[in-house]
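A.B. asks: First the structure, then my questions, so here it is.
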Amino acid sequence: MKALHQFDLNLLKAFDVLMDERNVSRAAERLNLTQSAMSGMLARLREGLGDPLFVRAQRGIVPTERALSLAEPIKTTLAHIDGILQPAEFEPATAKMTLRVAATDYSMSAVMVHFVAKLALLAPNIKVALLPLTPDLPQQLSQGKLDFALLVPSEGADYLHLKPLYDEHYLCAMRADHRLAANAELTLADYCQAQHILASPVGGGFSGVSDMALAKQGLKRNVKVSLNNFLLLPQLLQHSDMIATVPSRLTALLPNIKHFPTPMPVQGFTKYIAWHDRTHNDPAHRWLRSLVGEVCRGFMVVPI
């Protein structure tokens, strides 16, 4: 292994991209290099670090144990170097970049709509890509494929930075001319007898937090439709006698909807913003995260 003064530190970026892509051609494309130039950098990495680092597989390449042990320290080091080289000041009005954010469609409707509108006024040259939450979220954040995510803690990872944005509670929603909408309150008996829509990012299930709350009292409800997002919810509510128990901030976005407090206590949740150490000290990302917090602090709370 070479001493630091003999080692080309540019090779660390090549190593980091090779770890992300596990494919020489894609790594070369990402670094705007020819495949032969990328292969040459891999050869120099192997010589400098005294290990094969990557070996051929049926599809692409796979890292050796030595490469796996180096991956996180190298990525963290590159992030720190990048932070050092960034301008001390961030100017939103002139900044040009693409921000990649993952969230559920509920969070996109409740938070990101307002965030994007405010961002367009303050930083008109910043583009925003809104993406779904996926199981490999921590890896996407660490690899730079995402910049931050809006989630609940169970969806994150221990090594991510997490900051609470707001607390949320549930309300029961139905169309404005529903037979129950004229009542002064929604009773527990009416709630259990009604037909329900269950909307959850997981989707496919017919039991949620409301069902757990009912089970504590030995009760059940009739869930007729299960959704993995909130896109169809307004139409289903408007064209049926079904009702839905949804986050309170969503009810304000549903047209011609009457909402009631749930007739039994239902545990709410706290929405967090999550990001990786890679962007923790970056001035641009710090400003963008603070803007999300500012948007959330301006929310009007829907009464329980």
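Each chain in the structure tokens gets a letter, A, B, ..., in the order shown, and its residues are numbered from 1; ligands are numbered from 1 in order too.
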Once DSSP has gone over the backbone, tell me which residues of stretch 230-302 of chain A are in alpha helix (DSSP H), as a ChimeraX atom specification.

C.D. replies: /A:233-238,248-251,283-297

A.B. asks: Counting only C-alpha atoms, what are the residues of stretch 96-206 of chain A within 12 Å of stretch 16-22 of chain A, and for each of them which pair of atoms is the nearest and at what distance in Å, to one decimal? Sort the table by chain and rising number, as CSV.

C.D. replies:
residue,atom,partner,partner_atom,distance
A:Gln139,CA,A:Asp20,CA,9.3
A:Gln140,CA,A:Asp20,CA,9.6
A:Leu141,CA,A:Asp20,CA,11.6
A:Ser142,CA,A:Asp20,CA,9.6
A:Gln143,CA,A:Asp20,CA,6.5
A:Gly144,CA,A:Asp20,CA,9.5
A:Lys145,CA,A:Asp20,CA,9.9

A.B. asks: For atom CA of A:Arg297 and atom CA of A:Asn228, quote the distance in Å rounded to one decimal.

C.D. replies: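 Result for atom CA of A:Arg297 versus atom CA of A:Asn228: 27.6 Å, one decimal.
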
A.B. asks: Excluding stretch 235-247 of chain A and any residue of its chain fewer than 2 positions from it, enumerate the residues within 10 Å of it, using only C-alpha atoms, and give them as a ChimeraX atom specification.

C.D. replies: /A:106,110,168-180,191,194-200,208-210,222-225,230-233,249-252,254-257,259-262,266,268-269,302

A.B. asks: How would the residues just chosen look if you wrote them out with C-alpha atoms as a compact mmCIF listing (two decimals), in the first residue's frame?

C.D. replies:
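Wrote again.txt, looks like this:
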# COMPACT_ATOMS: atom_id res chain seq x y z
CA TYR A 106 -49.67 12.30 2.08
CA ALA A 110 -49.38 18.16 3.21
CA GLU A 168 -50.20 14.58 13.56
CA HIS A 169 -53.53 13.15 14.71
CA TYR A 170 -56.36 11.35 12.94
CA LEU A 171 -59.84 12.52 11.97
CA CYS A 172 -62.73 10.64 10.43
CA ALA A 173 -63.69 11.95 6.97
CA MET A 174 -66.84 11.48 4.87
CA ARG A 175 -68.58 13.31 2.06
CA ALA A 176 -70.45 16.45 3.08
CA ASP A 177 -73.90 14.97 2.32
CA HIS A 178 -73.23 11.62 4.00
CA ARG A 179 -76.10 10.44 6.20
CA LEU A 180 -73.83 10.73 9.26
CA TYR A 191 -68.21 4.24 13.33
CA ALA A 194 -70.01 2.09 8.69
CA GLN A 195 -68.00 0.80 5.75
CA HIS A 196 -64.41 2.05 5.75
CA ILE A 197 -61.58 2.89 3.38
CA LEU A 198 -58.08 2.17 4.72
CA ALA A 199 -55.28 4.18 3.08
CA SER A 200 -51.72 3.27 4.05
CA GLY A 208 -54.47 -0.24 10.82
CA VAL A 209 -54.06 1.97 13.89
CA SER A 210 -57.83 2.49 14.15
CA ASN A 222 -65.75 -3.12 8.39
CA VAL A 223 -62.89 -2.17 6.05
CA LYS A 224 -64.15 -2.58 2.48
CA VAL A 225 -61.30 -0.99 0.46
CA PHE A 230 -54.36 8.67 -0.91
CA LEU A 231 -54.83 9.44 -4.62
CA LEU A 232 -58.21 7.70 -5.02
CA LEU A 233 -59.50 8.56 -1.56
CA ARG A 249 -53.82 17.73 7.53
CA LEU A 250 -55.18 15.64 4.70
CA THR A 251 -58.80 16.50 5.50
CA ALA A 252 -58.11 20.16 4.68
CA LEU A 254 -60.18 16.94 0.47
CA PRO A 255 -63.03 18.78 -1.32
CA ASN A 256 -66.61 18.69 0.04
CA ILE A 257 -65.60 16.67 3.08
CA HIS A 259 -64.71 15.49 9.35
CA PHE A 260 -65.24 14.38 12.94
CA PRO A 261 -62.95 13.46 15.80
CA THR A 262 -62.53 9.69 15.99
CA VAL A 266 -56.26 6.67 18.03
CA GLY A 268 -51.11 9.73 16.11
CA PHE A 269 -47.57 10.07 14.82
CA VAL A 302 -57.00 21.01 12.39

A.B. asks: Leaving out A:Thr94 and any residue of its chain fewer than 2 positions from it, which residues lie within 12 Å of it when counting only C-alpha atoms, given as a CSV table (one decimal) with C-alpha atoms, in the first residue's frame?

C.D. replies:
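The file below, result.csv, is the result:
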chain,number,residue,atom,x,y,z
A,89,GLU,CA,-22.3,31.3,1.9
A,90,PHE,CA,-25.3,29.9,0.1
A,91,GLU,CA,-27.3,32.3,-2.1
A,92,PRO,CA,-30.8,30.8,-2.7
A,96,LYS,CA,-28.6,26.1,-9.3
A,97,MET,CA,-29.1,22.5,-8.2
A,120,ALA,CA,-40.0,28.7,-6.3
A,121,LEU,CA,-40.2,32.2,-4.9
A,122,LEU,CA,-36.9,32.2,-2.9
A,123,ALA,CA,-34.7,29.9,-5.1
A,124,PRO,CA,-36.2,29.9,-8.6
A,125,ASN,CA,-33.3,27.9,-10.2
A,126,ILE,CA,-33.5,24.9,-7.8
A,284,ALA,CA,-27.4,24.6,0.6

A.B. asks: With only C-alpha atoms as the counted atoms, please give the residues lying no more than 12 Å from stretch 57-66 of chain A, apart from itself and same-chain residues fewer than 5 positions off, as a count of residues only.

C.D. replies: 21

A.B. asks: What does the distance from atom CA of A:Phe206 to atom CA of A:Leu151 come to in Å, to one decimal?

C.D. replies: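 It comes out at 21.7 Å.
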
A.B. asks: Can you measure atom CA of A:Arg30 to atom CA of A:Asp136 for me? One decimal in Å is fine.

C.D. replies: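 We find that atom CA of A:Arg30 and atom CA of A:Asp136 lie 20.5 Å from each other.
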
A.B. asks: Once DSSP has gone over the backbone, tell me which residues of stretch 31-232 of chain A are in strand (DSSP E), as a ChimeraX atom specification.

C.D. replies: /A:54-56,61-63,97-102,126-131,148-151,161-168,170-175,195-199,222-227

A.B. asks: Rank A:Leu162, A:Ala117, A:Ala43, A:Ala149 by their smallest atom-to-atom distance to A:Leu131, using only C-alpha atoms, and report the top residue only.

C.D. replies: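 Nearest candidate to A:Leu131 out of A:Leu162, A:Ala117, A:Ala43, A:Ala149: A:Ala149.
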